[in-house]
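Engineer: Take a look at this one; I'll ask things after.
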Amino acid sequence: MSTTSTVRLDITGMTCAACATRVERALSRTPGVQKATVNLALERADIAVAPDGPDRALLAEAVRGAGYEVRAPAADTEDEARPWIETATLAAAILLTLPLVLNMVAMTLGLPWHLSPTTELILATPVQFWAGARFYRGAWASLRHRTPGMDVLVALGTSAAWGYSAVQVALHGDAMMGHLYFEAAAVVITLVLLGKRLEARAKRGAGAALRALMALRPETARVLTADGPVERPVADLAPGDRILVRPGERFPVDARVEAGESEVDESLVTGESLPVAKRPGDTVAAGALNGTGALTLEATAVGEDSTIARIVRLVEAAQSGKAPIQKAVDRISAVFVPIVLVLAVLTFAGWLVAGGSLDQALGAAVAVLVIACPCAMGLATPAAIVTGTGAAARAGILIRDIETIERAPRIDTVVFDKTGTLTEGRPAVTEVIGGDADALLALAAAVQAGSEHPLARAVEAEAARRGLAVPAASGVAARPGRGVVGTVDGKSVAIGNAALMQEAGAVLPEALAQAIGAHEAEGRTAMLVAIGGEVRGAIAVADLLKPGAAEAVARLAASGIGVRMLSGDARAVADSVAGQVGITAVDAPVRPEEKAGTVARLRAGGARVAMVGDGINDAPALAEADLGIAMGGGADVALEAAAITLMRPDPRLVADALAISRATWNKVRQNLFWAFAYNVIGLPLAALGLLNPAIAGAAMALSSISVVANALLLRRWRPRA
């Protein structure tokens with residue numbers, strides 16, 4: 001079966017949404033390309049290519065044909081010089097423009113000092129044609145492809161101002177007494193260059209979280225071989241390789257601890273702020289930082305299958321897509337520049353028809369050209385999305401796509417699957433009832449040693465936690481559906497339910513029966529322990545609540561979101577857990593195949609549902625919900641079906657995931673409002689002659705900077721969990 005592959009290109013030279021649209025169109029028209037998406041904020045194109053489609057070189061040629069350049073993956077070092085060149089060009093433009101601005105201020109204040117027209121021409125010309133050369137190149141490329149963008153507006157507006165002034169100087173020399181626009185042309189170019197420089201730095205900041213994730217992966221690993229430790233490239237590792245990681249080093253792959261103990265800093269992978277203790281049998285993720293102990297590991301997932309690689313893929317996918325609202329903005333941007341060009345011509349003609357002077361007509365037309373800002377509209381959505389998804393990933397919240405950010409703020413109902421989301425998903429001993437607790441526990445652990453039954457493992461874990469010496473058992477035999485029996489130190493031991501006790505002829509004392517009844521009323525399971533045919537006590541076991549489960553429910557309720565719980569357990573058990581966390585709406589018992597139907601009924605009733613789960617049987621319900629949220633540590637199929645993945649199993653992250661999605665979507669709306677407001681307010685003011693070209697150019701530069709700066713405020717977001 002044929003499958004598509006994705007090619008990623010880093011593109012330089014794009015300045016506005018029209019540029020991104022032009023590149024997208026050029027790539028989409030290339031034979032063999034199934035879909036092309038260009039992200040202006042990331043300056044990146046993601047191209048889905050058919051199996052027999054074009055290679056990277058052909059796609060790069062299509063981009064160059066559209067008037068832009070493709071940066072090779074190995075060209076990062078070479079491109080490090082680019083910011084210095086741009087900074088030097090900007091500095092020269094500022095030095096040349098400053099005397100022109102001072103001259104304008106002096107003339108406005110009526111001061112006697114001013115520059116001669118010839119001096120103004122000498123200062124303004126290098127700014128126009130050297131510092132502003134990028135605008136001419138961009139304008140020519142966009143006009144060749146019939147998709148004019150911001151460069152056309154800047155080049156045309158400043159050329160008109162400079163050209164008019166140059167003609168006046170050529171005709172009249174230093175005797176010229178009318179108004180010259182050299183300072184306007186130079187100020188516009190300098191401010192736009194400054195805006196682009198600040199914008200580029202801001203865009204790099206927006207993608208900082210993703211670059212930090214990618215930088216977590218070490219290049220080499222210390223592999224244990226028969227000849228001792230050997231340094232090997234991480235790309236050459238395979239599952240099963242034994243690896244030594246020393247204190248202070250990052251883990252090169254996902255692995256299981258074979259030997260050693262340490263505390264591991266997983267903050268940049270899962271968002272967990274505190275170090276996590278690791279012992280033999282525990283798992284570690286690639287990119288996490290080892291603490292004070294050396295660990296011997298067995299690799300379980302390497303390369304593109306590692307946790308960090310999956311995180312990077314999810315974040316990149318979310319940042320590369322386009323929300324429906326962005327597609328609408330792109331359609332507006334495609335016709336925006338032609339409309340502005342027509343408006344500038346009408347403004348020029350209107351002033352002349354109304355009896356205005358040539359100076360007034362030219363000044364108003366130039367102001368219209370340079371205040372128009374398609375760039376801010378193009379950056380409004382992607383800048384917020386890139387920053388928001390990066391902030392979420394840093395907190396251990398992975399957002400699959402842009403549609404998720406658009407849907408999440410509308411959620412009004414959150415449905416938790418009980419097991420593994422609100423509870424730990426594994427039984428644990430809560431209390432040993434009657435007699436010598438440690439002695440009872442040791443005998444029960446002896447009979448159940450080696451069993452894979454969850455209740456048996458809970459008893460063994462509690463005995464180990466208490467440091468008990470567990471004796472050897474003999475004659476151990478399982479009694480399916482009832483429990484297990486055996487002999488320890490010559491005594492018969494039975495552990496199980498009432499049916500097993502009855503079978504063994506053991507009588508349950510009334511006081512013990514009442515104590516057990518109280519535990520079972522609270523949703524716990526009581527395992528009876530009989531020694532020598534006499535019931536001596538019981539071990540209460542329960543699926544414990546996760547820390548923060550009650551707080552998670554309270555935070556959701558406080559934000560006006562309804563909370564429900566699904567459970568396959570008996571109603572009494574489900575009600576007990578729900579009561580402890582503050583949930584009043586409970587669906588139980590619900591079979592795995594009925595979970596999706598329950599979610600569908602809620603949606604049919606008008607609710608916008610987020611489903612939180614972690615198991616294989618949760619996957620259909622996660623897919624059915626308006627928003628699927630998979631808890632970290634869950635099954636891969638659940639993670640694949642979810643729109644949001646929580647990298648650590650903390651239910652409080654559910655509220656945080658909705659909060660960062662809401663904050664990101666609010667930034668998108670704010671940015672779009674300001675981007676359109678600049679143009680809706682600025683264009684009429686410029687056309688009416690209320691803004692001179694220099695101020696109009698400053699407003700245009702500020703519009704892009706303010707949109708990106710507003711998006712960057714999301715970097716300050718922190719999860720309450």
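Labels for the structure tokens follow display order: chains A, B, ..., residues from 1 in each chain, ligands from 1.
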Which residues are close to A:Ala48, i.e. within 6 Å by only C-alpha atoms, leaving aside same-chain residues fewer than 4 positions away? Reply as a ChimeraX atom specification.

Structural biologist: /A:5-6,34-35

Engineer: Please run DSSP on the backbone and report, as JSON, numbers by chain, all residues within stretch 86-330 of chain A that come out as alpha helix (DSSP H).

Structural biologist: {"A": [86, 87, 88, 89, 90, 91, 92, 93, 94, 95, 96, 97, 98, 99, 100, 101, 102, 103, 104, 105, 106, 107, 108, 117, 118, 119, 120, 121, 122, 123, 124, 125, 126, 133, 134, 135, 136, 137, 138, 139, 140, 141, 142, 143, 144, 150, 151, 152, 153, 154, 155, 156, 157, 158, 159, 160, 161, 162, 163, 164, 165, 166, 167, 168, 169, 170, 171, 172, 182, 183, 184, 185, 186, 187, 188, 189, 190, 191, 192, 193, 194, 195, 196, 197, 198, 199, 200, 201, 202, 203, 204, 205, 206, 208, 209, 210, 211, 212, 213, 214, 267, 268, 269, 270, 307, 308, 309, 310, 311, 312, 313, 314, 315, 316, 317, 318, 319, 320, 324, 325, 326, 327, 328, 329, 330]}

Engineer: Find the residue from A:Tyr136, A:Phe676, A:Phe251, A:Phe129 that sits nearest to A:Trp162; use only C-alpha atoms when measuring.

Structural biologist: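 When distances to A:Trp162 are compared using only C-alpha atoms, the smallest one comes from A:Phe129.
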
Engineer: I'd like the contact shell of A:Asn679 - 12 Å cut-off, only C-alpha atoms, skipping same-chain residues fewer than 4 positions apart - returned as a VMD selection string.

Structural biologist: chain A and resid 333 336 to 337 339 to 340 367 to 377 672 to 675 683 to 687 696 699 to 700 703 to 704

Engineer: Can you tell me how far atom CA of A:Val535 sits from atom CA of A:Asp438, in Å to one decimal?

Structural biologist: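 Here the two named atoms are 15.6 Å from each other.
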
Engineer: Can you work out which one of A:Ala711, A:Ile644, A:Val553, A:Met527 has the shortest atom-to-atom distance to A:Ala498, counting only C-alpha atoms?

Structural biologist: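 Using only C-alpha atoms, A:Ala498 sits closest to A:Met527.
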
Engineer: Show me, as a PyMOL selection string, the residues that have an atom within 10 Å of A:Pro117 when counting only C-alpha atoms, minus same-chain residues fewer than 2 positions from it.

Structural biologist: chain A and resi 114-115+119-123+165-166+168-170+172-177+180+182

Engineer: Restricting the output to N, CA, C and O atoms, write the selected residues as a PDB file, in the first residue's frame.

Structural biologist:
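Result went into result.pdb, see below:
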ATOM      1  N   HIS A 114      19.093  73.636   9.281  1.00  0.00           N
ATOM      2  CA  HIS A 114      18.502  72.569   8.464  1.00  0.00           C
ATOM      3  C   HIS A 114      19.535  72.108   7.444  1.00  0.00           C
ATOM      4  O   HIS A 114      20.505  72.810   7.127  1.00  0.00           O
ATOM      5  N   LEU A 115      19.302  70.900   6.917  1.00  0.00           N
ATOM      6  CA  LEU A 115      20.194  70.336   5.910  1.00  0.00           C
ATOM      7  C   LEU A 115      19.828  70.875   4.538  1.00  0.00           C
ATOM      8  O   LEU A 115      18.659  71.178   4.259  1.00  0.00           O
ATOM      9  N   THR A 119      22.248  67.481   0.527  1.00  0.00           N
ATOM     10  CA  THR A 119      22.700  66.629   1.637  1.00  0.00           C
ATOM     11  C   THR A 119      21.629  65.589   1.984  1.00  0.00           C
ATOM     12  O   THR A 119      21.935  64.417   2.255  1.00  0.00           O
ATOM     13  N   GLU A 120      20.359  66.018   1.976  1.00  0.00           N
ATOM     14  CA  GLU A 120      19.270  65.073   2.245  1.00  0.00           C
ATOM     15  C   GLU A 120      19.273  63.950   1.209  1.00  0.00           C
ATOM     16  O   GLU A 120      19.089  62.771   1.546  1.00  0.00           O
ATOM     17  N   LEU A 121      19.486  64.318  -0.055  1.00  0.00           N
ATOM     18  CA  LEU A 121      19.530  63.318  -1.127  1.00  0.00           C
ATOM     19  C   LEU A 121      20.671  62.322  -0.903  1.00  0.00           C
ATOM     20  O   LEU A 121      20.497  61.106  -1.050  1.00  0.00           O
ATOM     21  N   ILE A 122      21.832  62.868  -0.497  1.00  0.00           N
ATOM     22  CA  ILE A 122      23.008  62.004  -0.278  1.00  0.00           C
ATOM     23  C   ILE A 122      22.759  61.040   0.887  1.00  0.00           C
ATOM     24  O   ILE A 122      23.138  59.863   0.833  1.00  0.00           O
ATOM     25  N   LEU A 123      22.104  61.513   1.943  1.00  0.00           N
ATOM     26  CA  LEU A 123      21.838  60.657   3.103  1.00  0.00           C
ATOM     27  C   LEU A 123      20.747  59.622   2.814  1.00  0.00           C
ATOM     28  O   LEU A 123      20.832  58.466   3.242  1.00  0.00           O
ATOM     29  N   SER A 165      11.023  63.624  -4.423  1.00  0.00           N
ATOM     30  CA  SER A 165      11.987  64.550  -3.814  1.00  0.00           C
ATOM     31  C   SER A 165      13.240  64.680  -4.670  1.00  0.00           C
ATOM     32  O   SER A 165      13.787  65.787  -4.841  1.00  0.00           O
ATOM     33  N   ALA A 166      13.717  63.554  -5.231  1.00  0.00           N
ATOM     34  CA  ALA A 166      14.925  63.588  -6.060  1.00  0.00           C
ATOM     35  C   ALA A 166      14.708  64.433  -7.311  1.00  0.00           C
ATOM     36  O   ALA A 166      15.602  65.186  -7.741  1.00  0.00           O
ATOM     37  N   GLN A 168      12.659  66.968  -7.577  1.00  0.00           N
ATOM     38  CA  GLN A 168      12.641  68.368  -7.164  1.00  0.00           C
ATOM     39  C   GLN A 168      14.063  68.911  -6.957  1.00  0.00           C
ATOM     40  O   GLN A 168      14.374  70.041  -7.348  1.00  0.00           O
ATOM     41  N   VAL A 169      14.932  68.089  -6.364  1.00  0.00           N
ATOM     42  CA  VAL A 169      16.322  68.517  -6.156  1.00  0.00           C
ATOM     43  C   VAL A 169      17.032  68.651  -7.499  1.00  0.00           C
ATOM     44  O   VAL A 169      17.816  69.598  -7.727  1.00  0.00           O
ATOM     45  N   ALA A 170      16.766  67.712  -8.418  1.00  0.00           N
ATOM     46  CA  ALA A 170      17.397  67.767  -9.740  1.00  0.00           C
ATOM     47  C   ALA A 170      16.973  69.018 -10.495  1.00  0.00           C
ATOM     48  O   ALA A 170      17.777  69.628 -11.225  1.00  0.00           O
ATOM     49  N   HIS A 172      15.644  71.923  -9.081  1.00  0.00           N
ATOM     50  CA  HIS A 172      15.831  73.204  -8.391  1.00  0.00           C
ATOM     51  C   HIS A 172      17.098  73.273  -7.543  1.00  0.00           C
ATOM     52  O   HIS A 172      17.442  74.357  -7.055  1.00  0.00           O
ATOM     53  N   GLY A 173      17.782  72.147  -7.350  1.00  0.00           N
ATOM     54  CA  GLY A 173      19.007  72.166  -6.549  1.00  0.00           C
ATOM     55  C   GLY A 173      18.731  72.576  -5.115  1.00  0.00           C
ATOM     56  O   GLY A 173      17.635  72.354  -4.573  1.00  0.00           O
ATOM     57  N   ASP A 174      19.704  73.224  -4.501  1.00  0.00           N
ATOM     58  CA  ASP A 174      19.545  73.626  -3.109  1.00  0.00           C
ATOM     59  C   ASP A 174      18.606  74.810  -2.944  1.00  0.00           C
ATOM     60  O   ASP A 174      18.282  75.201  -1.808  1.00  0.00           O
ATOM     61  N   ALA A 175      18.148  75.362  -4.066  1.00  0.00           N
ATOM     62  CA  ALA A 175      17.192  76.471  -3.984  1.00  0.00           C
ATOM     63  C   ALA A 175      15.773  75.962  -3.793  1.00  0.00           C
ATOM     64  O   ALA A 175      14.826  76.743  -3.684  1.00  0.00           O
ATOM     65  N   MET A 176      15.584  74.635  -3.768  1.00  0.00           N
ATOM     66  CA  MET A 176      14.272  74.031  -3.610  1.00  0.00           C
ATOM     67  C   MET A 176      13.641  74.508  -2.304  1.00  0.00           C
ATOM     68  O   MET A 176      14.241  74.416  -1.230  1.00  0.00           O
ATOM     69  N   MET A 177      12.403  75.033  -2.393  1.00  0.00           N
ATOM     70  CA  MET A 177      11.735  75.597  -1.218  1.00  0.00           C
ATOM     71  C   MET A 177      10.537  74.757  -0.770  1.00  0.00           C
ATOM     72  O   MET A 177      10.024  74.949   0.321  1.00  0.00           O
ATOM     73  N   LEU A 180      10.082  68.269   0.898  1.00  0.00           N
ATOM     74  CA  LEU A 180      10.735  67.054   0.409  1.00  0.00           C
ATOM     75  C   LEU A 180      10.368  65.884   1.328  1.00  0.00           C
ATOM     76  O   LEU A 180      10.109  66.067   2.521  1.00  0.00           O
ATOM     77  N   PHE A 182      12.344  62.987   1.659  1.00  0.00           N
ATOM     78  CA  PHE A 182      13.478  62.095   1.887  1.00  0.00           C
ATOM     79  C   PHE A 182      13.408  61.458   3.276  1.00  0.00           C
ATOM     80  O   PHE A 182      13.668  60.269   3.453  1.00  0.00           O
TER      81      PHE A 182
END

Engineer: Just checking: using only C-alpha atoms, which residue out of A:Leu443, A:Ala625, A:Ala288, A:Leu422 ends up closest to A:Glu551?

Structural biologist: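 Going through A:Leu443, A:Ala625, A:Ala288, A:Leu422 one by one, the smallest distance to A:Glu551 is for A:Leu422.
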
Engineer: Which polymer residues have any atom within 10 Å of an atom of A:Ala444, counting only C-alpha atoms, with same-chain residues fewer than 2 positions away left out, as a count of residues only?

Structural biologist: 31
